[in-house]
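Next comes coords-v9.pdb, with PDB, C-alpha atoms, pLDDT in the B column.
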```pdb
MODEL        1
ATOM      1  CA  MET A   1      12.901 166.611  84.397  1.00 87.00           C
ATOM      2  CA  GLU A   2      14.904 166.688  81.166  1.00 88.00           C
ATOM      3  CA  LEU A   3      14.851 162.891  80.946  1.00 91.00           C
ATOM      4  CA  PHE A   4      11.144 162.663  81.774  1.00 92.00           C
ATOM      5  CA  SER A   5      10.208 165.362  79.246  1.00 91.00           C
ATOM      6  CA  SER A   6      12.411 163.727  76.627  1.00 93.00           C
ATOM      7  CA  MET A   7      10.649 160.400  77.125  1.00 93.00           C
ATOM      8  CA  LEU A   8       7.269 162.148  76.795  1.00 91.00           C
ATOM      9  CA  ALA A   9       8.417 163.679  73.500  1.00 93.00           C
ATOM     10  CA  ILE A  10       9.466 160.257  72.211  1.00 93.00           C
ATOM     11  CA  VAL A  11       6.126 158.754  73.271  1.00 94.00           C
ATOM     12  CA  ALA A  12       4.309 161.652  71.559  1.00 92.00           C
ATOM     13  CA  SER A  13       6.319 161.094  68.374  1.00 91.00           C
ATOM     14  CA  ALA A  14       5.476 157.396  68.467  1.00 92.00           C
ATOM     15  CA  GLY A  15       1.849 158.386  69.073  1.00 87.00           C
ATOM     16  CA  VAL A  16       1.858 160.352  65.826  1.00 89.00           C
ATOM     17  CA  LEU A  17       2.975 157.222  63.991  1.00 89.00           C
ATOM     18  CA  VAL A  18       0.309 155.098  65.715  1.00 84.00           C
ATOM     19  CA  VAL A  19      -2.513 157.568  65.010  1.00 81.00           C
ATOM     20  CA  VAL A  20      -1.555 158.074  61.374  1.00 82.00           C
ATOM     21  CA  GLY A  21      -0.850 154.350  60.897  1.00 81.00           C
ATOM     22  CA  ALA A  22      -4.208 153.385  62.419  1.00 77.00           C
ATOM     23  CA  ARG A  23      -6.010 155.768  60.091  1.00 75.00           C
ATOM     24  CA  LEU A  24      -4.169 154.524  57.016  1.00 77.00           C
ATOM     25  CA  ALA A  25      -4.753 150.883  57.923  1.00 77.00           C
ATOM     26  CA  SER A  26      -8.353 151.332  59.099  1.00 72.00           C
ATOM     27  CA  ARG A  27      -9.854 150.236  55.773  1.00 74.00           C
ATOM     28  CA  ARG A  28      -7.933 146.941  55.834  1.00 78.00           C
ATOM     29  CA  SER A  29      -7.803 146.077  59.525  1.00 78.00           C
ATOM     30  CA  SER A  30     -10.649 145.943  62.021  1.00 78.00           C
ATOM     31  CA  VAL A  31      -8.178 146.433  64.899  1.00 76.00           C
ATOM     32  CA  ALA A  32      -6.807 149.590  63.286  1.00 71.00           C
ATOM     33  CA  ARG A  33     -10.354 150.784  62.592  1.00 72.00           C
ATOM     34  CA  GLN A  34     -11.350 150.247  66.237  1.00 76.00           C
ATOM     35  CA  LEU A  35      -8.228 152.072  67.432  1.00 74.00           C
ATOM     36  CA  SER A  36      -8.849 154.954  65.042  1.00 72.00           C
ATOM     37  CA  GLU A  37     -12.505 155.255  66.075  1.00 76.00           C
ATOM     38  CA  GLY A  38     -11.630 154.955  69.775  1.00 74.00           C
ATOM     39  CA  LEU A  39      -9.032 157.711  69.512  1.00 76.00           C
ATOM     40  CA  HIS A  40     -11.443 159.886  67.568  1.00 76.00           C
ATOM     41  CA  GLY A  41     -13.822 159.941  70.528  1.00 78.00           C
ATOM     42  CA  VAL A  42     -11.209 161.378  72.884  1.00 87.00           C
ATOM     43  CA  SER A  43      -8.872 163.107  70.428  1.00 88.00           C
ATOM     44  CA  THR A  44      -9.751 166.662  71.472  1.00 91.00           C
ATOM     45  CA  TRP A  45      -9.164 165.826  75.135  1.00 93.00           C
ATOM     46  CA  LEU A  46      -5.851 164.161  74.273  1.00 92.00           C
ATOM     47  CA  ALA A  47      -4.819 167.143  72.136  1.00 94.00           C
ATOM     48  CA  TRP A  48      -5.647 169.452  75.050  1.00 96.00           C
ATOM     49  CA  LEU A  49      -3.590 167.258  77.396  1.00 96.00           C
ATOM     50  CA  VAL A  50      -0.591 167.498  75.048  1.00 96.00           C
ATOM     51  CA  ALA A  51      -0.953 171.293  74.800  1.00 97.00           C
ATOM     52  CA  ALA A  52      -1.354 171.658  78.582  1.00 97.00           C
ATOM     53  CA  VAL A  53       1.662 169.458  79.375  1.00 96.00           C
ATOM     54  CA  SER A  54       3.717 171.251  76.704  1.00 96.00           C
ATOM     55  CA  THR A  55       2.788 174.609  78.201  1.00 97.00           C
ATOM     56  CA  ALA A  56       3.587 173.455  81.735  1.00 96.00           C
ATOM     57  CA  GLY A  57       6.902 171.955  80.594  1.00 95.00           C
ATOM     58  CA  SER A  58       7.840 175.144  78.772  1.00 95.00           C
ATOM     59  CA  LEU A  59       7.123 177.190  81.876  1.00 96.00           C
ATOM     60  CA  TYR A  60       9.079 174.754  84.038  1.00 96.00           C
ATOM     61  CA  PHE A  61      12.188 174.982  81.864  1.00 94.00           C
ATOM     62  CA  SER A  62      12.158 178.793  81.782  1.00 92.00           C
ATOM     63  CA  GLU A  63      10.870 179.653  85.258  1.00 94.00           C
ATOM     64  CA  VAL A  64      12.242 176.802  87.415  1.00 95.00           C
ATOM     65  CA  ALA A  65      15.244 175.456  85.504  1.00 93.00           C
ATOM     66  CA  ASP A  66      16.178 178.999  84.376  1.00 92.00           C
ATOM     67  CA  TYR A  67      16.674 178.148  80.698  1.00 92.00           C
ATOM     68  CA  VAL A  68      16.320 181.510  78.996  1.00 90.00           C
ATOM     69  CA  PRO A  69      14.067 181.137  75.924  1.00 91.00           C
ATOM     70  CA  CYS A  70      15.471 182.250  72.596  1.00 89.00           C
ATOM     71  CA  ARG A  71      13.476 184.131  69.966  1.00 90.00           C
ATOM     72  CA  LEU A  72      12.272 180.959  68.215  1.00 92.00           C
ATOM     73  CA  CYS A  73      11.261 179.462  71.578  1.00 92.00           C
ATOM     74  CA  TRP A  74       9.044 182.491  72.099  1.00 93.00           C
ATOM     75  CA  PHE A  75       7.398 182.000  68.705  1.00 94.00           C
ATOM     76  CA  GLN A  76       6.739 178.361  69.580  1.00 96.00           C
ATOM     77  CA  ARG A  77       5.206 179.453  72.892  1.00 96.00           C
ATOM     78  CA  ILE A  78       3.017 181.985  71.080  1.00 96.00           C
ATOM     79  CA  CYS A  79       1.608 179.045  69.106  1.00 97.00           C
ATOM     80  CA  MET A  80       1.338 176.469  71.936  1.00 97.00           C
ATOM     81  CA  TYR A  81      -0.006 178.465  74.884  1.00 97.00           C
ATOM     82  CA  PRO A  82      -3.295 179.524  73.246  1.00 97.00           C
ATOM     83  CA  LEU A  83      -3.839 175.944  72.045  1.00 97.00           C
ATOM     84  CA  ALA A  84      -4.145 174.809  75.668  1.00 97.00           C
ATOM     85  CA  GLY A  85      -7.087 177.151  76.233  1.00 97.00           C
ATOM     86  CA  ILE A  86      -8.679 176.682  72.826  1.00 96.00           C
ATOM     87  CA  LEU A  87      -8.553 172.890  73.020  1.00 96.00           C
ATOM     88  CA  LEU A  88      -9.919 172.831  76.582  1.00 97.00           C
ATOM     89  CA  VAL A  89     -12.939 174.900  75.596  1.00 96.00           C
ATOM     90  CA  ALA A  90     -13.452 172.752  72.487  1.00 94.00           C
ATOM     91  CA  ALA A  91     -13.220 169.532  74.501  1.00 93.00           C
ATOM     92  CA  LEU A  92     -15.711 170.786  77.066  1.00 95.00           C
ATOM     93  CA  ARG A  93     -18.114 171.878  74.320  1.00 94.00           C
ATOM     94  CA  ARG A  94     -17.444 168.766  72.194  1.00 91.00           C
ATOM     95  CA  ASP A  95     -16.610 171.068  69.299  1.00 90.00           C
ATOM     96  CA  ARG A  96     -15.156 168.880  66.530  1.00 84.00           C
ATOM     97  CA  SER A  97     -14.602 171.901  64.298  1.00 90.00           C
ATOM     98  CA  VAL A  98     -11.834 173.094  66.639  1.00 92.00           C
ATOM     99  CA  LYS A  99      -9.377 171.559  64.230  1.00 91.00           C
ATOM    100  CA  TRP A 100      -9.940 174.426  61.799  1.00 93.00           C
ATOM    101  CA  TYR A 101      -9.155 177.190  64.241  1.00 91.00           C
ATOM    102  CA  ALA A 102      -6.334 175.242  65.957  1.00 95.00           C
ATOM    103  CA  LEU A 103      -4.761 174.510  62.553  1.00 95.00           C
ATOM    104  CA  PRO A 104      -2.997 177.865  61.991  1.00 96.00           C
ATOM    105  CA  LEU A 105      -1.368 177.820  65.440  1.00 97.00           C
ATOM    106  CA  ALA A 106      -0.331 174.162  65.260  1.00 97.00           C
ATOM    107  CA  VAL A 107       1.056 174.403  61.712  1.00 97.00           C
ATOM    108  CA  ALA A 108       2.949 177.621  62.480  1.00 97.00           C
ATOM    109  CA  GLY A 109       4.355 176.074  65.660  1.00 97.00           C
ATOM    110  CA  LEU A 110       5.341 172.909  63.808  1.00 97.00           C
ATOM    111  CA  GLY A 111       7.120 174.971  61.167  1.00 97.00           C
ATOM    112  CA  VAL A 112       9.017 177.105  63.683  1.00 96.00           C
ATOM    113  CA  SER A 113      10.014 174.108  65.799  1.00 96.00           C
ATOM    114  CA  THR A 114      11.165 172.214  62.698  1.00 96.00           C
ATOM    115  CA  TYR A 115      13.351 175.153  61.663  1.00 94.00           C
ATOM    116  CA  HIS A 116      14.618 175.541  65.249  1.00 93.00           C
ATOM    117  CA  TYR A 117      15.546 171.857  65.436  1.00 94.00           C
ATOM    118  CA  VAL A 118      17.341 172.010  62.076  1.00 94.00           C
ATOM    119  CA  ILE A 119      19.481 174.998  63.085  1.00 91.00           C
ATOM    120  CA  GLU A 120      20.403 173.272  66.332  1.00 91.00           C
ATOM    121  CA  TRP A 121      22.109 170.639  64.176  1.00 91.00           C
ATOM    122  CA  LYS A 122      23.282 173.008  61.420  1.00 88.00           C
ATOM    123  CA  PRO A 123      23.934 176.397  63.110  1.00 85.00           C
ATOM    124  CA  ALA A 124      25.131 177.976  59.843  1.00 82.00           C
ATOM    125  CA  LEU A 125      21.516 177.822  58.568  1.00 82.00           C
ATOM    126  CA  GLY A 126      20.362 180.031  61.438  1.00 73.00           C
ATOM    127  CA  ASP A 127      22.373 183.161  60.754  1.00 71.00           C
ATOM    128  CA  GLY A 128      20.316 186.072  61.994  1.00 65.00           C
ATOM    129  CA  ALA A 129      17.476 183.990  63.411  1.00 66.00           C
ATOM    130  CA  CYS A 130      18.272 185.219  66.909  1.00 69.00           C
ATOM    131  CA  SER A 131      20.052 188.537  66.880  1.00 66.00           C
ATOM    132  CA  VAL A 132      18.902 189.600  70.374  1.00 67.00           C
ATOM    133  CA  GLY A 133      19.021 187.447  73.500  1.00 69.00           C
ATOM    134  CA  PRO A 134      20.177 183.850  73.677  1.00 78.00           C
ATOM    135  CA  SER A 135      21.205 182.187  70.442  1.00 82.00           C
ATOM    136  CA  CYS A 136      18.643 179.905  68.843  1.00 82.00           C
ATOM    137  CA  THR A 137      21.463 177.458  68.162  1.00 82.00           C
ATOM    138  CA  ASP A 138      22.299 177.074  71.870  1.00 82.00           C
ATOM    139  CA  ILE A 139      21.259 173.671  73.164  1.00 86.00           C
ATOM    140  CA  TRP A 140      20.434 173.380  76.851  1.00 86.00           C
ATOM    141  CA  PHE A 141      20.433 169.587  76.703  1.00 89.00           C
ATOM    142  CA  ARG A 142      20.279 166.741  74.212  1.00 89.00           C
ATOM    143  CA  GLU A 143      18.811 163.551  75.692  1.00 90.00           C
ATOM    144  CA  PHE A 144      19.223 160.213  73.904  1.00 93.00           C
ATOM    145  CA  GLY A 145      21.448 162.025  71.420  1.00 90.00           C
ATOM    146  CA  PHE A 146      18.600 163.844  69.627  1.00 93.00           C
ATOM    147  CA  VAL A 147      15.853 165.133  71.972  1.00 94.00           C
ATOM    148  CA  THR A 148      16.143 168.882  72.579  1.00 93.00           C
ATOM    149  CA  LEU A 149      13.623 171.513  73.609  1.00 94.00           C
ATOM    150  CA  ALA A 150      12.911 172.239  69.933  1.00 94.00           C
ATOM    151  CA  PHE A 151      12.281 168.535  69.286  1.00 96.00           C
ATOM    152  CA  MET A 152       9.893 168.438  72.245  1.00 96.00           C
ATOM    153  CA  ALA A 153       7.950 171.359  70.795  1.00 96.00           C
ATOM    154  CA  TRP A 154       7.884 169.670  67.387  1.00 96.00           C
ATOM    155  CA  ALA A 155       6.520 166.458  68.938  1.00 96.00           C
ATOM    156  CA  GLY A 156       3.793 168.399  70.760  1.00 96.00           C
ATOM    157  CA  PHE A 157       2.604 170.197  67.633  1.00 97.00           C
ATOM    158  CA  ALA A 158       2.802 167.037  65.516  1.00 96.00           C
ATOM    159  CA  VAL A 159       0.711 164.937  67.911  1.00 94.00           C
ATOM    160  CA  ILE A 160      -1.880 167.720  68.255  1.00 95.00           C
ATOM    161  CA  LEU A 161      -2.235 167.869  64.469  1.00 94.00           C
ATOM    162  CA  ALA A 162      -2.433 164.082  64.206  1.00 91.00           C
ATOM    163  CA  LEU A 163      -5.102 163.871  66.904  1.00 90.00           C
ATOM    164  CA  LEU A 164      -7.226 166.628  65.406  1.00 89.00           C
ATOM    165  CA  PHE A 165      -6.977 165.742  61.726  1.00 84.00           C
ATOM    166  CA  VAL A 166      -6.601 161.997  61.468  1.00 74.00           C
ATOM    167  CA  THR A 167     -10.195 160.921  61.850  1.00 65.00           C
ATOM    168  CA  PRO A 168     -11.770 157.644  60.789  1.00 56.00           C
ATOM    169  CA  ALA A 169     -13.505 157.814  57.429  1.00 51.00           C
ATOM    170  CA  SER A 170     -16.808 156.717  58.973  1.00 50.00           C
ATOM    171  CA  SER A 171     -16.939 159.755  61.277  1.00 49.00           C
ATOM    172  CA  ARG A 172     -16.183 162.453  58.720  1.00 47.00           C
ATOM    173  CA  SER A 173     -19.715 162.742  57.397  1.00 43.00           C
ATOM    174  CA  VAL A 174     -21.114 162.548  60.932  1.00 43.00           C
ATOM    175  CA  ASP A 175     -18.932 165.468  62.046  1.00 48.00           C
ATOM    176  CA  ASP A 176     -20.013 167.537  59.067  1.00 45.00           C
ATOM    177  CA  GLY A 177     -23.669 166.669  59.628  1.00 44.00           C
ATOM    178  CA  GLU A 178     -23.522 167.541  63.333  1.00 49.00           C
ATOM    179  CA  HIS A 179     -21.895 170.850  62.493  1.00 46.00           C
ATOM    180  CA  MET A 180     -24.551 171.642  59.919  1.00 42.00           C
ATOM    181  CA  ASN A 181     -27.379 170.756  62.322  1.00 44.00           C
ATOM    182  CA  SER A 182     -25.950 172.851  65.136  1.00 44.00           C
ATOM    183  CA  THR A 183     -25.393 175.756  62.757  1.00 39.00           C
ATOM    184  CA  SER A 184     -28.906 175.601  61.337  1.00 36.00           C
ATOM    185  CA  GLU A 185     -30.371 175.321  64.856  1.00 37.00           C
ATOM    186  CA  MET A 186     -28.436 178.419  65.837  1.00 34.00           C
ATOM    187  CA  PHE A 187     -30.097 180.460  63.095  1.00 30.00           C
ATOM    188  CA  ASP A 188     -33.630 179.008  63.422  1.00 32.00           C
TER     189      ASP A 188
ENDMDL
END
```
Would it be possible to restate this file's structure as structure tokens?
Amino acid sequence: MELFSSMLAIVASAGVLVVVGARLASRRSSVARQLSEGLHGVSTWLAWLVAAVSTAGSLYFSEVADYVPCRLCWFQRICMYPLAGILLVAALRRDRSVKWYALPLAVAGLGVSTYHYVIEWKPALGDGACSVGPSCTDIWFREFGFVTLAFMAWAGFAVILALLFVTPASSRSVDDGEHMNSTSEMFD
């Protein structure tokens, strides 16, 4: 499971590069524009899938593999677990504005997982981060020489942010217009 999850994290990290690269190149390349627009149509569902798999993986490692979560792991879970529910509801409702209420959780989770990953490599920077329970600098495994649980969390948050916020330029005004119409219909 460690190897499989590590490969998923690497694929997710590569996905961030593809999504961001497609958006940046979409003005110059019709292939990149088509990829960006195609991803935009399913981005909320893909973001939900990442959050759901991340949640399931987190539960597997703590409940089946018996890896006791440290304090920072719990903070990352606090950010990821609600995203699975929020993104599912948004995908079912086709709510493109989900990005604004998923943003605080995803950014906070990305920040915590970045810090957690850094102190895994430089434990001296984590003095006091985990005073109770397992140390935040303990590493249960390190696949391919760099993939740890903190890296996996980072990859999950990064791909969710990329999927929700890297939209093709042509769809930005459409999203805003749809939101305005649905809001005005609600109050009519």
Might you spell out which residues the PyMOL selection byres ((chain A and resi 55-58) around 12) would select in the displayed file, as a PDB file with C-alpha atoms, in the frame of the given file?
```
ATOM      1  CA  MET A   1      12.901 166.611  84.397  1.00 87.00           C
ATOM      2  CA  GLU A   2      14.904 166.688  81.166  1.00 88.00           C
ATOM      3  CA  PHE A   4      11.144 162.663  81.774  1.00 92.00           C
ATOM      4  CA  SER A   5      10.208 165.362  79.246  1.00 91.00           C
ATOM      5  CA  SER A   6      12.411 163.727  76.627  1.00 93.00           C
ATOM      6  CA  LEU A   8       7.269 162.148  76.795  1.00 91.00           C
ATOM      7  CA  ALA A   9       8.417 163.679  73.500  1.00 93.00           C
ATOM      8  CA  TRP A  48      -5.647 169.452  75.050  1.00 96.00           C
ATOM      9  CA  LEU A  49      -3.590 167.258  77.396  1.00 96.00           C
ATOM     10  CA  VAL A  50      -0.591 167.498  75.048  1.00 96.00           C
ATOM     11  CA  ALA A  51      -0.953 171.293  74.800  1.00 97.00           C
ATOM     12  CA  ALA A  52      -1.354 171.658  78.582  1.00 97.00           C
ATOM     13  CA  VAL A  53       1.662 169.458  79.375  1.00 96.00           C
ATOM     14  CA  SER A  54       3.717 171.251  76.704  1.00 96.00           C
ATOM     15  CA  LEU A  59       7.123 177.190  81.876  1.00 96.00           C
ATOM     16  CA  TYR A  60       9.079 174.754  84.038  1.00 96.00           C
ATOM     17  CA  PHE A  61      12.188 174.982  81.864  1.00 94.00           C
ATOM     18  CA  SER A  62      12.158 178.793  81.782  1.00 92.00           C
ATOM     19  CA  GLU A  63      10.870 179.653  85.258  1.00 94.00           C
ATOM     20  CA  VAL A  64      12.242 176.802  87.415  1.00 95.00           C
ATOM     21  CA  ALA A  65      15.244 175.456  85.504  1.00 93.00           C
ATOM     22  CA  ASP A  66      16.178 178.999  84.376  1.00 92.00           C
ATOM     23  CA  TYR A  67      16.674 178.148  80.698  1.00 92.00           C
ATOM     24  CA  VAL A  68      16.320 181.510  78.996  1.00 90.00           C
ATOM     25  CA  PRO A  69      14.067 181.137  75.924  1.00 91.00           C
ATOM     26  CA  CYS A  73      11.261 179.462  71.578  1.00 92.00           C
ATOM     27  CA  TRP A  74       9.044 182.491  72.099  1.00 93.00           C
ATOM     28  CA  GLN A  76       6.739 178.361  69.580  1.00 96.00           C
ATOM     29  CA  ARG A  77       5.206 179.453  72.892  1.00 96.00           C
ATOM     30  CA  ILE A  78       3.017 181.985  71.080  1.00 96.00           C
ATOM     31  CA  CYS A  79       1.608 179.045  69.106  1.00 97.00           C
ATOM     32  CA  MET A  80       1.338 176.469  71.936  1.00 97.00           C
ATOM     33  CA  TYR A  81      -0.006 178.465  74.884  1.00 97.00           C
ATOM     34  CA  PRO A  82      -3.295 179.524  73.246  1.00 97.00           C
ATOM     35  CA  LEU A  83      -3.839 175.944  72.045  1.00 97.00           C
ATOM     36  CA  ALA A  84      -4.145 174.809  75.668  1.00 97.00           C
ATOM     37  CA  GLY A  85      -7.087 177.151  76.233  1.00 97.00           C
ATOM     38  CA  LEU A 149      13.623 171.513  73.609  1.00 94.00           C
ATOM     39  CA  ALA A 150      12.911 172.239  69.933  1.00 94.00           C
ATOM     40  CA  MET A 152       9.893 168.438  72.245  1.00 96.00           C
ATOM     41  CA  ALA A 153       7.950 171.359  70.795  1.00 96.00           C
ATOM     42  CA  GLY A 156       3.793 168.399  70.760  1.00 96.00           C
ATOM     43  CA  PHE A 157       2.604 170.197  67.633  1.00 97.00           C
TER      44      PHE A 157
END
```
Quiz prompt | For CA of Ser43 (chain A) and CA of Ser13 (chain A), the interatomic separation in Å (one decimal) | solution = 15.5 Å
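Each of A:Cys136, A:Leu92, A:Leu35, A:Met7 was checked against Val112 (chain A) using all atoms listed in the file; the smallest atom-to-atom distance is that of A:Cys136.
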Quiz item: Around (-10.5, 164.8, 65.2) in the file's frame, which residues reach within 9 Å when counting all atoms listed in the file? Return as a ChimeraX atom specification?
Solution: /A:39-44,96-99,161-168,172
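The interatomic distance for the pair CA of Leu105 (chain A) and CA of Leu88 (chain A) works out to 14.9 Å.
Taking CA of Phe141 (chain A) as the reference point, CA of Val19 (chain A) is found at 28.4 Å.
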Practice problem: Name all residues at most 10 Å from Tyr115 (chain A) (count all atoms listed in the file; drop same-chain ones fewer than 6 positions away) and give them as a list of chain:residue names. | Solution: A:Leu72, A:Gly109, A:Leu125, A:Gly126, A:Ala129, A:Ala150, A:Trp154
Expected file contents, prior selection, C-alpha atoms, as a PDB file, keeping the file's coordinate frame:
```pdb
ATOM      1  CA  LEU A  72      12.272 180.959  68.215  1.00 92.00           C
ATOM      2  CA  GLY A 109       4.355 176.074  65.660  1.00 97.00           C
ATOM      3  CA  LEU A 125      21.516 177.822  58.568  1.00 82.00           C
ATOM      4  CA  GLY A 126      20.362 180.031  61.438  1.00 73.00           C
ATOM      5  CA  ALA A 129      17.476 183.990  63.411  1.00 66.00           C
ATOM      6  CA  ALA A 150      12.911 172.239  69.933  1.00 94.00           C
ATOM      7  CA  TRP A 154       7.884 169.670  67.387  1.00 96.00           C
TER       8      TRP A 154
END
```
Self-check item: the PyMOL selection byres ((chain A and resi 32) around 12) resolved against shown file, as a PyMOL selection string
Solution: chain A and resi 18-31+33-39+167-168
Self-check item: Shell of 9 Å around Pro123 (chain A), only C-alpha atoms, local chain residues under 5 positions omitted, as a ChimeraX atom specification
Solution: /A:118,136-138
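If you measure from each of A:Leu110, A:Cys70, A:Ala91, A:Ile86 to Val159 (chain A) using all atoms listed in the file, the closest one turns out to be A:Leu110.
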Give me the box for region 68-76 of chain A as JSON, namely the centre and edge lengths in Å to one decimal of a box along x, y and z that holds every listed atom plus 3 Å on each side.
```
{"center_x": 11.5, "center_y": 181.2, "center_z": 73.6, "size_x": 15.6, "size_y": 11.8, "size_z": 16.8}
```
